[in-house]
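Asks: Got a structure for you, work-v3.cif, holding mmCIF, C-alpha atoms and all ligand atoms.
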```
data_upload
#
loop_
_atom_site.group_PDB
_atom_site.id
_atom_site.type_symbol
_atom_site.label_atom_id
_atom_site.label_comp_id
_atom_site.auth_asym_id
_atom_site.auth_seq_id
_atom_site.Cartn_x
_atom_site.Cartn_y
_atom_site.Cartn_z
ATOM 1 C CA MET L 1 8.410 15.885 12.295
ATOM 2 C CA ILE L 2 5.983 13.973 14.500
ATOM 3 C CA ASN L 3 6.820 13.349 18.150
ATOM 4 C CA LYS L 4 5.680 9.725 18.264
ATOM 5 C CA ASN L 5 7.562 6.445 18.311
ATOM 6 C CA ILE L 6 6.563 4.045 15.554
ATOM 7 C CA ALA L 7 6.974 0.253 15.643
ATOM 8 C CA ILE L 8 6.741 -1.862 12.525
ATOM 9 C CA ILE L 9 5.936 -5.448 13.499
ATOM 10 C CA GLY L 10 6.881 -7.743 10.619
ATOM 11 C CA ALA L 11 9.618 -5.743 8.891
ATOM 12 C CA GLY L 12 9.544 -7.656 5.602
ATOM 13 C CA ASN L 13 9.103 -6.196 2.104
ATOM 14 C CA LEU L 14 6.288 -3.802 2.875
ATOM 15 C CA GLY L 15 7.401 -3.043 6.455
ATOM 16 C CA GLN L 16 10.898 -2.084 5.270
ATOM 17 C CA ALA L 17 9.491 -0.022 2.392
ATOM 18 C CA ILE L 18 7.385 1.912 4.921
ATOM 19 C CA ALA L 19 10.443 2.318 7.164
ATOM 20 C CA LYS L 20 12.574 3.635 4.278
ATOM 21 C CA GLY L 21 9.830 6.036 3.229
ATOM 22 C CA LEU L 22 9.404 7.359 6.775
ATOM 23 C CA LEU L 23 13.143 7.908 7.195
ATOM 24 C CA ALA L 24 13.519 9.516 3.759
ATOM 25 C CA SER L 25 10.613 11.888 4.439
ATOM 26 C CA ARG L 26 12.209 12.899 7.782
ATOM 27 C CA ILE L 27 8.779 12.842 9.426
ATOM 28 C CA ILE L 28 10.521 10.922 12.237
ATOM 29 C CA ASN L 29 14.173 10.396 13.048
ATOM 30 C CA ALA L 30 15.804 6.954 13.147
ATOM 31 C CA GLN L 31 15.665 6.763 16.975
ATOM 32 C CA GLN L 32 11.851 7.031 16.864
ATOM 33 C CA LEU L 33 11.548 3.878 14.759
ATOM 34 C CA ILE L 34 11.570 0.254 15.979
ATOM 35 C CA LEU L 35 11.550 -2.653 13.550
ATOM 36 C CA SER L 36 10.659 -6.153 14.574
ATOM 37 C CA ARG L 37 11.029 -9.524 12.856
ATOM 38 C CA ARG L 38 12.572 -12.900 13.757
ATOM 39 C CA HIS L 39 15.502 -12.818 11.302
ATOM 40 C CA LEU L 40 17.314 -9.709 12.504
ATOM 41 C CA SER L 41 20.221 -10.176 10.083
ATOM 42 C CA LYS L 42 17.869 -9.065 7.303
ATOM 43 C CA ILE L 43 17.340 -5.614 8.853
ATOM 44 C CA LYS L 44 20.868 -4.950 10.204
ATOM 45 C CA ASN L 45 21.278 -2.130 7.665
ATOM 46 C CA PHE L 46 18.581 -0.159 9.513
ATOM 47 C CA GLU L 47 20.434 -0.567 12.813
ATOM 48 C CA LYS L 48 23.472 1.137 11.264
ATOM 49 C CA GLU L 49 21.245 4.141 10.561
ATOM 50 C CA GLY L 50 20.201 4.339 14.232
ATOM 51 C CA VAL L 51 16.888 2.467 13.997
ATOM 52 C CA ARG L 52 16.170 0.077 16.886
ATOM 53 C CA ILE L 53 15.697 -3.512 15.716
ATOM 54 C CA THR L 54 14.333 -6.373 17.813
ATOM 55 C CA GLN L 55 12.845 -9.858 17.778
ATOM 56 C CA ASP L 56 10.687 -8.917 20.750
ATOM 57 C CA ASN L 57 7.285 -7.736 19.507
ATOM 58 C CA LYS L 58 6.108 -6.967 23.042
ATOM 59 C CA GLU L 59 9.025 -4.611 23.744
ATOM 60 C CA ALA L 60 8.490 -2.932 20.366
ATOM 61 C CA VAL L 61 4.829 -2.296 21.187
ATOM 62 C CA LYS L 62 5.559 -1.134 24.755
ATOM 63 C CA ASN L 63 8.037 1.449 23.480
ATOM 64 C CA SER L 64 5.815 2.858 20.710
ATOM 65 C CA ASP L 65 2.816 5.123 20.240
ATOM 66 C CA ILE L 66 1.930 3.932 16.748
ATOM 67 C CA ILE L 67 2.166 0.243 15.816
ATOM 68 C CA ILE L 68 2.144 -0.790 12.169
ATOM 69 C CA LEU L 69 1.345 -4.486 11.837
ATOM 70 C CA SER L 70 2.827 -5.849 8.610
ATOM 71 C CA VAL L 71 2.913 -9.636 8.884
ATOM 72 C CA LYS L 72 1.409 -12.091 6.395
ATOM 73 C CA PRO L 73 -2.308 -12.783 6.917
ATOM 74 C CA TYR L 74 -1.659 -16.334 8.261
ATOM 75 C CA LYS L 75 0.545 -14.844 11.012
ATOM 76 C CA PHE L 76 -2.056 -12.296 12.093
ATOM 77 C CA ASP L 77 -3.758 -14.348 14.855
ATOM 78 C CA GLU L 78 -0.469 -15.406 16.453
ATOM 79 C CA VAL L 79 1.088 -11.939 16.483
ATOM 80 C CA ILE L 80 -2.040 -10.042 17.532
ATOM 81 C CA GLU L 81 -2.506 -12.430 20.460
ATOM 82 C CA GLU L 82 1.090 -11.815 21.523
ATOM 83 C CA ILE L 83 0.892 -8.009 21.430
ATOM 84 C CA ASN L 84 -2.726 -7.620 22.587
ATOM 85 C CA PRO L 85 -1.902 -7.169 26.337
ATOM 86 C CA PHE L 86 0.464 -4.292 25.481
ATOM 87 C CA LEU L 87 -1.897 -2.389 23.192
ATOM 88 C CA THR L 88 -3.061 0.188 25.714
ATOM 89 C CA ALA L 89 -5.809 2.725 24.999
ATOM 90 C CA ASP L 90 -3.324 5.527 24.179
ATOM 91 C CA LYS L 91 -1.783 3.595 21.264
ATOM 92 C CA ILE L 92 -2.747 3.576 17.606
ATOM 93 C CA LEU L 93 -2.760 0.278 15.702
ATOM 94 C CA ILE L 94 -2.437 0.342 11.919
ATOM 95 C CA SER L 95 -2.795 -2.991 10.145
ATOM 96 C CA VAL L 96 -1.592 -3.363 6.572
ATOM 97 C CA VAL L 97 -2.407 -7.090 6.620
ATOM 98 C CA THR L 98 -4.427 -7.960 3.525
ATOM 99 C CA GLY L 99 -7.906 -9.420 3.954
ATOM 100 C CA ILE L 100 -8.282 -8.886 7.723
ATOM 101 C CA ASP L 101 -11.058 -6.355 8.274
ATOM 102 C CA ILE L 102 -11.411 -3.882 11.115
ATOM 103 C CA LYS L 103 -14.169 -5.970 12.728
ATOM 104 C CA LYS L 104 -11.813 -8.962 13.032
ATOM 105 C CA ILE L 105 -8.972 -6.797 14.329
ATOM 106 C CA LYS L 106 -11.325 -5.289 16.923
ATOM 107 C CA ASN L 107 -12.566 -8.723 18.016
ATOM 108 C CA SER L 108 -8.967 -9.866 18.504
ATOM 109 C CA LEU L 109 -8.232 -7.103 21.010
ATOM 110 C CA SER L 110 -9.217 -6.917 24.673
ATOM 111 C CA LYS L 111 -9.245 -3.095 24.859
ATOM 112 C CA GLU L 112 -10.820 -0.363 22.777
ATOM 113 C CA ILE L 113 -8.040 1.398 20.918
ATOM 114 C CA SER L 114 -7.785 3.408 17.717
ATOM 115 C CA ILE L 115 -7.639 0.897 14.896
ATOM 116 C CA PHE L 116 -6.711 1.706 11.326
ATOM 117 C CA ARG L 117 -6.337 -0.403 8.246
ATOM 118 C CA ALA L 118 -4.107 0.793 5.435
ATOM 119 C CA MET L 119 -3.778 -0.654 1.956
ATOM 120 C CA PRO L 120 -0.656 0.689 0.226
ATOM 121 C CA ASN L 121 0.859 -0.611 -2.985
ATOM 122 C CA THR L 122 4.459 -1.503 -3.826
ATOM 123 C CA ALA L 123 5.212 2.022 -5.046
ATOM 124 C CA ILE L 124 5.451 2.847 -1.341
ATOM 125 C CA ALA L 125 9.134 1.887 -1.733
ATOM 126 C CA ILE L 126 9.646 5.089 -3.743
ATOM 127 C CA GLN L 127 7.119 7.129 -1.754
ATOM 128 C CA GLU L 128 4.593 6.998 -4.597
ATOM 129 C CA SER L 129 2.019 4.682 -3.076
ATOM 130 C CA MET L 130 -1.729 5.052 -3.352
ATOM 131 C CA THR L 131 -2.766 4.168 0.180
ATOM 132 C CA CYS L 132 -6.410 3.712 1.143
ATOM 133 C CA ILE L 133 -7.069 4.006 4.883
ATOM 134 C CA SER L 134 -10.079 3.012 6.970
ATOM 135 C CA ALA L 135 -10.607 3.668 10.657
ATOM 136 C CA ASP L 136 -12.634 2.553 13.632
ATOM 137 C CA LYS L 137 -13.530 4.919 16.450
ATOM 138 C CA ALA L 138 -10.552 7.092 15.685
ATOM 139 C CA SER L 139 -10.429 10.704 16.793
ATOM 140 C CA ASP L 140 -9.845 13.402 14.201
ATOM 141 C CA THR L 141 -6.384 13.883 15.708
ATOM 142 C CA ASN L 142 -5.496 10.207 15.278
ATOM 143 C CA ILE L 143 -6.825 10.220 11.712
ATOM 144 C CA GLU L 144 -4.575 13.219 11.126
ATOM 145 C CA TRP L 145 -1.521 11.365 12.545
ATOM 146 C CA VAL L 146 -2.089 8.299 10.402
ATOM 147 C CA THR L 147 -2.840 10.275 7.252
ATOM 148 C CA LYS L 148 0.300 12.330 7.883
ATOM 149 C CA ILE L 149 2.404 9.156 7.971
ATOM 150 C CA PHE L 150 1.058 7.757 4.707
ATOM 151 C CA ASP L 151 1.016 11.180 3.024
ATOM 152 C CA GLN L 152 4.817 11.002 3.241
ATOM 153 C CA LEU L 153 4.666 7.775 1.265
ATOM 154 C CA GLY L 154 2.480 8.850 -1.643
ATOM 155 C CA LYS L 155 -1.189 9.778 -1.837
ATOM 156 C CA THR L 156 -3.873 8.766 0.648
ATOM 157 C CA ALA L 157 -7.644 8.410 0.715
ATOM 158 C CA ILE L 158 -9.847 7.704 3.739
ATOM 159 C CA ILE L 159 -12.463 5.106 2.790
ATOM 160 C CA ASP L 160 -15.107 2.922 4.487
ATOM 161 C CA ASP L 161 -13.680 -0.411 5.607
ATOM 162 C CA GLU L 162 -16.249 -2.179 3.368
ATOM 163 C CA LEU L 163 -14.402 -0.700 0.363
ATOM 164 C CA MET L 164 -11.018 -2.140 1.382
ATOM 165 C CA ASP L 165 -11.315 -5.179 -0.922
ATOM 166 C CA ALA L 166 -12.107 -2.876 -3.823
ATOM 167 C CA ALA L 167 -9.111 -0.728 -2.858
ATOM 168 C CA THR L 168 -6.912 -3.841 -2.776
ATOM 169 C CA VAL L 169 -7.794 -4.603 -6.388
ATOM 170 C CA LEU L 170 -7.732 -1.063 -7.768
ATOM 171 C CA ALA L 171 -4.562 0.141 -6.003
ATOM 172 C CA ALA L 172 -2.490 -2.895 -4.901
ATOM 173 C CA SER L 173 -3.259 -5.212 -7.856
ATOM 174 C CA GLY L 174 -3.628 -2.076 -9.986
ATOM 175 C CA ILE L 175 0.148 -1.669 -10.062
ATOM 176 C CA ALA L 176 0.425 -4.995 -11.905
ATOM 177 C CA PHE L 177 -2.371 -4.030 -14.292
ATOM 178 C CA ALA L 178 -0.658 -0.745 -15.176
ATOM 179 C CA LEU L 179 2.718 -2.494 -15.567
ATOM 180 C CA ARG L 180 1.184 -4.978 -17.971
ATOM 181 C CA TYR L 181 0.055 -2.052 -20.159
ATOM 182 C CA ILE L 182 3.627 -0.742 -20.092
ATOM 183 C CA ARG L 183 4.980 -4.152 -21.073
ATOM 184 C CA ALA L 184 2.526 -4.455 -23.970
ATOM 185 C CA SER L 185 3.464 -0.983 -25.122
ATOM 186 C CA MET L 186 7.163 -1.946 -24.989
ATOM 187 C CA GLN L 187 6.549 -5.078 -27.030
ATOM 188 C CA ALA L 188 4.855 -2.965 -29.690
ATOM 189 C CA GLY L 189 7.680 -0.407 -29.445
ATOM 190 C CA VAL L 190 10.268 -3.064 -30.262
ATOM 191 C CA GLU L 191 8.227 -4.172 -33.257
ATOM 192 C CA ILE L 192 8.175 -0.632 -34.659
ATOM 193 C CA GLY L 193 11.917 -0.090 -34.261
ATOM 194 C CA PHE L 194 13.139 0.574 -30.688
ATOM 195 C CA HIS L 195 15.569 -1.487 -28.674
ATOM 196 C CA SER L 196 13.933 -2.909 -25.562
ATOM 197 C CA ASP L 197 15.681 -0.493 -23.119
ATOM 198 C CA LEU L 198 14.597 2.555 -25.033
ATOM 199 C CA ALA L 199 11.096 1.168 -25.570
ATOM 200 C CA GLN L 200 10.870 0.677 -21.774
ATOM 201 C CA LEU L 201 11.951 4.254 -21.042
ATOM 202 C CA ILE L 202 9.545 5.703 -23.593
ATOM 203 C CA ALA L 203 6.600 3.550 -22.467
ATOM 204 C CA ALA L 204 7.172 4.110 -18.723
ATOM 205 C CA GLN L 205 7.768 7.873 -18.899
ATOM 206 C CA THR L 206 4.754 8.247 -21.200
ATOM 207 C CA VAL L 207 2.501 6.515 -18.670
ATOM 208 C CA LYS L 208 4.006 8.619 -15.852
ATOM 209 C CA GLY L 209 3.300 11.778 -17.863
ATOM 210 C CA ALA L 210 -0.274 10.650 -18.569
ATOM 211 C CA SER L 211 -0.828 10.014 -14.829
ATOM 212 C CA ASP L 212 0.632 13.375 -13.841
ATOM 213 C CA LEU L 213 -1.537 15.190 -16.386
ATOM 214 C CA ILE L 214 -4.606 13.773 -14.662
ATOM 215 C CA LEU L 215 -3.329 14.146 -11.094
ATOM 216 C CA GLN L 216 -2.153 17.712 -11.550
ATOM 217 C CA SER L 217 -5.101 19.033 -13.550
ATOM 218 C CA GLY L 218 -7.912 16.922 -12.092
ATOM 219 C CA HIS L 219 -9.172 16.523 -15.662
ATOM 220 C CA HIS L 220 -11.149 13.486 -16.789
ATOM 221 C CA PRO L 221 -8.843 11.283 -18.942
ATOM 222 C CA GLU L 222 -11.066 11.797 -21.973
ATOM 223 C CA LYS L 223 -10.404 15.543 -21.885
ATOM 224 C CA GLU L 224 -6.660 14.875 -22.242
ATOM 225 C CA ILE L 225 -7.315 12.171 -24.868
ATOM 226 C CA ASP L 226 -9.323 14.694 -26.935
ATOM 227 C CA LYS L 227 -6.217 16.883 -27.121
ATOM 228 C CA VAL L 228 -4.266 14.052 -28.805
ATOM 229 C CA THR L 229 -6.902 12.666 -31.142
ATOM 230 C CA THR L 230 -6.851 14.835 -34.273
ATOM 231 C CA PRO L 231 -9.805 14.157 -36.607
ATOM 232 C CA LEU L 232 -8.749 11.614 -39.255
ATOM 233 C CA GLY L 233 -5.509 11.285 -37.302
ATOM 234 C CA ILE L 234 -3.291 8.403 -36.306
ATOM 235 C CA THR L 235 -4.003 8.332 -32.561
ATOM 236 C CA ILE L 236 -7.746 7.821 -32.946
ATOM 237 C CA THR L 237 -7.066 4.978 -35.382
ATOM 238 C CA GLY L 238 -4.884 3.218 -32.828
ATOM 239 C CA LEU L 239 -7.281 3.891 -29.949
ATOM 240 C CA ASN L 240 -10.283 2.618 -31.860
ATOM 241 C CA GLN L 241 -8.405 -0.532 -32.862
ATOM 242 C CA MET L 242 -7.589 -1.147 -29.179
ATOM 243 C CA GLU L 243 -11.248 -0.705 -28.292
ATOM 244 C CA PHE L 244 -12.368 -3.027 -31.144
ATOM 245 C CA LYS L 245 -10.087 -5.616 -29.521
ATOM 246 C CA GLY L 246 -11.711 -4.999 -26.133
ATOM 247 C CA PHE L 247 -9.162 -2.839 -24.317
ATOM 248 C CA SER L 248 -11.507 -1.066 -21.858
ATOM 249 C CA SER L 249 -13.763 -4.069 -21.415
ATOM 250 C CA SER L 250 -10.728 -6.320 -20.720
ATOM 251 C CA VAL L 251 -9.483 -3.965 -18.014
ATOM 252 C CA ILE L 252 -12.945 -3.715 -16.444
ATOM 253 C CA LYS L 253 -13.424 -7.489 -16.617
ATOM 254 C CA GLY L 254 -10.002 -8.108 -15.050
ATOM 255 C CA VAL L 255 -10.683 -5.746 -12.154
ATOM 256 C CA LEU L 256 -14.126 -7.278 -11.573
ATOM 257 C CA GLU L 257 -12.774 -10.850 -11.649
ATOM 258 C CA SER L 258 -10.008 -9.984 -9.157
ATOM 259 C CA TYR L 259 -12.599 -8.382 -6.900
ATOM 260 C CA ASN L 260 -14.966 -11.359 -7.220
ATOM 261 C CA LYS L 261 -12.092 -13.644 -6.235
ATOM 262 C CA ILE L 262 -11.370 -11.684 -3.031
ATOM 263 C CA VAL L 263 -15.057 -11.818 -2.118
ATOM 264 C CA LYS L 264 -15.181 -15.572 -2.853
ATOM 265 C CA ILE L 265 -12.074 -16.295 -0.753
ATOM 266 C CA LYS L 266 -13.615 -14.355 2.154
ATOM 267 C CA ASN L 267 -16.970 -16.132 1.846
ATOM 268 C CA ASP L 268 -15.274 -19.565 1.656
ATOM 269 C CA LYS L 269 -13.462 -18.806 4.927
ATOM 270 C CA LYS L 270 -16.728 -18.040 6.777
HETATM 271 N N1 LIG Q 1 3.845 -6.078 -0.522
HETATM 272 C C1 LIG Q 1 2.802 -5.320 -0.859
HETATM 273 O O1 LIG Q 1 2.771 -4.635 -1.859
HETATM 274 C C2 LIG Q 1 1.596 -5.242 0.032
HETATM 275 C C3 LIG Q 1 0.631 -4.281 -0.214
HETATM 276 C C4 LIG Q 1 -0.440 -4.178 0.661
HETATM 277 C C5 LIG Q 1 -0.533 -5.045 1.742
HETATM 278 N N2 LIG Q 1 0.411 -6.014 1.948
HETATM 279 C C6 LIG Q 1 0.306 -6.886 3.110
HETATM 280 O O2 LIG Q 1 1.356 -6.546 3.997
HETATM 281 C C7 LIG Q 1 1.740 -7.692 4.768
HETATM 282 C C8 LIG Q 1 3.239 -7.911 4.643
HETATM 283 O O3 LIG Q 1 3.548 -8.200 3.308
HETATM 284 P P1 LIG Q 1 5.058 -8.371 2.831
HETATM 285 O O4 LIG Q 1 5.020 -8.472 1.364
HETATM 286 O O5 LIG Q 1 5.896 -7.313 3.462
HETATM 287 O O6 LIG Q 1 5.417 -9.795 3.485
HETATM 288 P P2 LIG Q 1 6.832 -10.287 4.033
HETATM 289 O O7 LIG Q 1 7.930 -9.723 3.213
HETATM 290 O O8 LIG Q 1 6.735 -11.768 4.197
HETATM 291 O O9 LIG Q 1 6.941 -9.605 5.480
HETATM 292 C C9 LIG Q 1 6.363 -10.111 6.629
HETATM 293 C C10 LIG Q 1 7.431 -10.225 7.672
HETATM 294 O O10 LIG Q 1 6.860 -10.667 8.898
HETATM 295 C C11 LIG Q 1 7.917 -11.240 9.651
HETATM 296 N N3 LIG Q 1 7.344 -12.095 10.686
HETATM 297 C C12 LIG Q 1 6.833 -13.351 10.582
HETATM 298 N N4 LIG Q 1 6.451 -13.804 11.788
HETATM 299 C C13 LIG Q 1 6.706 -12.811 12.670
HETATM 300 C C14 LIG Q 1 6.534 -12.680 14.066
HETATM 301 N N5 LIG Q 1 6.017 -13.666 14.801
HETATM 302 N N6 LIG Q 1 6.900 -11.508 14.648
HETATM 303 C C15 LIG Q 1 7.448 -10.508 13.919
HETATM 304 N N7 LIG Q 1 7.637 -10.584 12.593
HETATM 305 C C16 LIG Q 1 7.278 -11.715 11.978
HETATM 306 C C17 LIG Q 1 8.737 -12.026 8.630
HETATM 307 O O11 LIG Q 1 10.118 -11.966 8.952
HETATM 308 P P3 LIG Q 1 10.810 -13.099 9.851
HETATM 309 O O12 LIG Q 1 10.546 -14.417 9.179
HETATM 310 O O13 LIG Q 1 12.240 -12.696 9.897
HETATM 311 O O14 LIG Q 1 10.131 -12.999 11.180
HETATM 312 C C18 LIG Q 1 8.508 -11.249 7.329
HETATM 313 O O15 LIG Q 1 9.660 -10.578 6.901
HETATM 314 C C19 LIG Q 1 0.925 -8.866 4.222
HETATM 315 O O16 LIG Q 1 -0.201 -9.074 5.035
HETATM 316 C C20 LIG Q 1 0.514 -8.368 2.858
HETATM 317 O O17 LIG Q 1 -0.664 -8.983 2.423
HETATM 318 C C21 LIG Q 1 1.494 -6.113 1.130
#
```
Can I see the file as structure tokens?
Ligand SMILES: NC(=O)c1ccc[n+]([C@@H]2O[C@H](COP(=O)([O-])OP(=O)(O)OC[C@H]3O[C@@H](n4cnc5c(N)ncnc54)[C@H](OP(=O)(O)O)[C@@H]3O)[C@@H](O)[C@H]2O)c1
Replies:
Amino acid sequence: MINKNIAIIGAGNLGQAIAKGLLASRIINAQQLILSRRHLSKIKNFEKEGVRITQDNKEAVKNSDIIILSVKPYKFDEVIEEINPFLTADKILISVVTGIDIKKIKNSLSKEISIFRAMPNTAIAIQESMTCISADKASDTNIEWVTKIFDQLGKTAIIDDELMDAATVLAASGIAFALRYIRASMQAGVEIGFHSDLAQLIAAQTVKGASDLILQSGHHPEKEIDKVTTPLGITITGLNQMEFKGFSSSVIKGVLESYNKIVKIKNDKK
């Protein structure tokens, strides 16, 4: 348990996923959580659990120690301006807003406070996110608080803020890239004899197992691949065919193009 009140400003998809993860992990109890958005009817279910819900961002900030800002990027300026007077030096601000760097967040505030940026992915809804976190002038204790929160929601890594765009592509877009592999695998599975449902189960659990092998052992993927590729065997034939068709280079190219697009969008805005 942590003895801090947490406000989530902008309790939409991601904000609610964070809220659910925090409640499920029992790191805080429902009374320590405040959710804010304009359409309260959409978060009534949280109120039944004892969570405070409000349309008043200022009140939410005043009554919290840690504020998680989770509005869409185009709402950032409006909401930060509204809550700025209430962000006192003792509070911690965590922004999950895509594309707004720590420098911009800092310039939007009138006081020096602990600022964090966090980039989770949609697996946060099942507490399996990969969340990259960057910080500005945060004490070790505050870094510990913030890491503790996101550790309940998956795995975390502290990175330089300059790497946040790269983290957005590799972890947030990365979910879609991995799912596309699963879909392709399913399509092939149907062609070699499985019904779609079973092909989905086999493809998804196989990818989960592959991930866990790496995460639990710390091995390089190739070490685990070597265990499956018997000389003259069937796996190496399939793998080599995929590589002839550009599997690794397609993935690398896709990641690079997504990254280049983020950089271009940022440069165009300057
Ligand atoms: N979804 C992801 O996987 C993911 C991953 C990493 C980062 N992000 C980032 O996280 C942020 C939120 O994404 P999302 O997918 O959760 O978007 P979302 O579902 O649209 O949630 C944003 C919420 O903000 C609320 N809002 C709008 N104006 C507000 C105001 N003035 N005061 C308080 N709340 C307000 C909206 O609800 P009302 O209209 O009811 O106010 C809306 O539900 C975005 O910046 C996104 O880029 C998302």
Asks: Hey, which residues sit close to ligand LIG 1 (chain Q)? Say within 9 Å, counting only C-alpha atoms and all ligand atoms, and write them as number ranges by chain.
Replies: L: 8-17, 35-43, 54-57, 69-76, 78-79, 82, 95-100, 118-124, 131, 168, 171-173
Asks: Starting from the shown file, work through the PyMOL selection byres (((chain L and resi 174-184) around 10) and not hetatm) and note down what comes out as a PyMOL selection string.
Replies: chain L and resi 121-123+129-130+167-173+185-189+199-207+251+254-255
Asks: Could you pull the residues within 12 Å of Thr229 (chain L), counting all atoms listed in the file, minus those fewer than 6 positions along the same chain, as JSON, numbers by chain?
Replies: {"L": [222, 223, 235, 236, 237, 238, 239, 240]}
Asks: Measuring between all atoms listed in the file, which one of L:Asp165, L:Lys111, L:Pro85, L:Gly21 shows the shortest distance to Ile265 (chain L)?
Replies: L:Asp165
Asks: I'd like to see the residues matched by the PyMOL selection byres (((chain L and resi 59-65) around 8) and not hetatm) on this file, and ideally I'd get them as a list of chain:residue names.
Replies: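 Taken on the displayed file, the PyMOL selection byres (((chain L and resi 59-65) around 8) and not hetatm) yields the residues L:Lys4, L:Asn5, L:Ile6, L:Ala7, L:Ile9, L:Ile34, L:Leu35, L:Ser36, L:Thr54, L:Asp56, L:Asn57, L:Lys58, L:Ile66, L:Ile67, L:Ile83, L:Phe86, L:Leu87, L:Asp90, L:Lys91, L:Ile92.
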Asks: Please report the interatomic distance between CA of Ile143 (chain L) and CA of Ile159 (chain L) in Å with one decimal.
Replies: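 CA of Ile143 (chain L) sits 11.7 Å away from CA of Ile159 (chain L).
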Asks: Just give me the gap between CA of Asp212 (chain L) and CA of Glu128 (chain L) in Å, one decimal is fine.
Replies: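 Computing it gives 11.9 Å between the two atoms.
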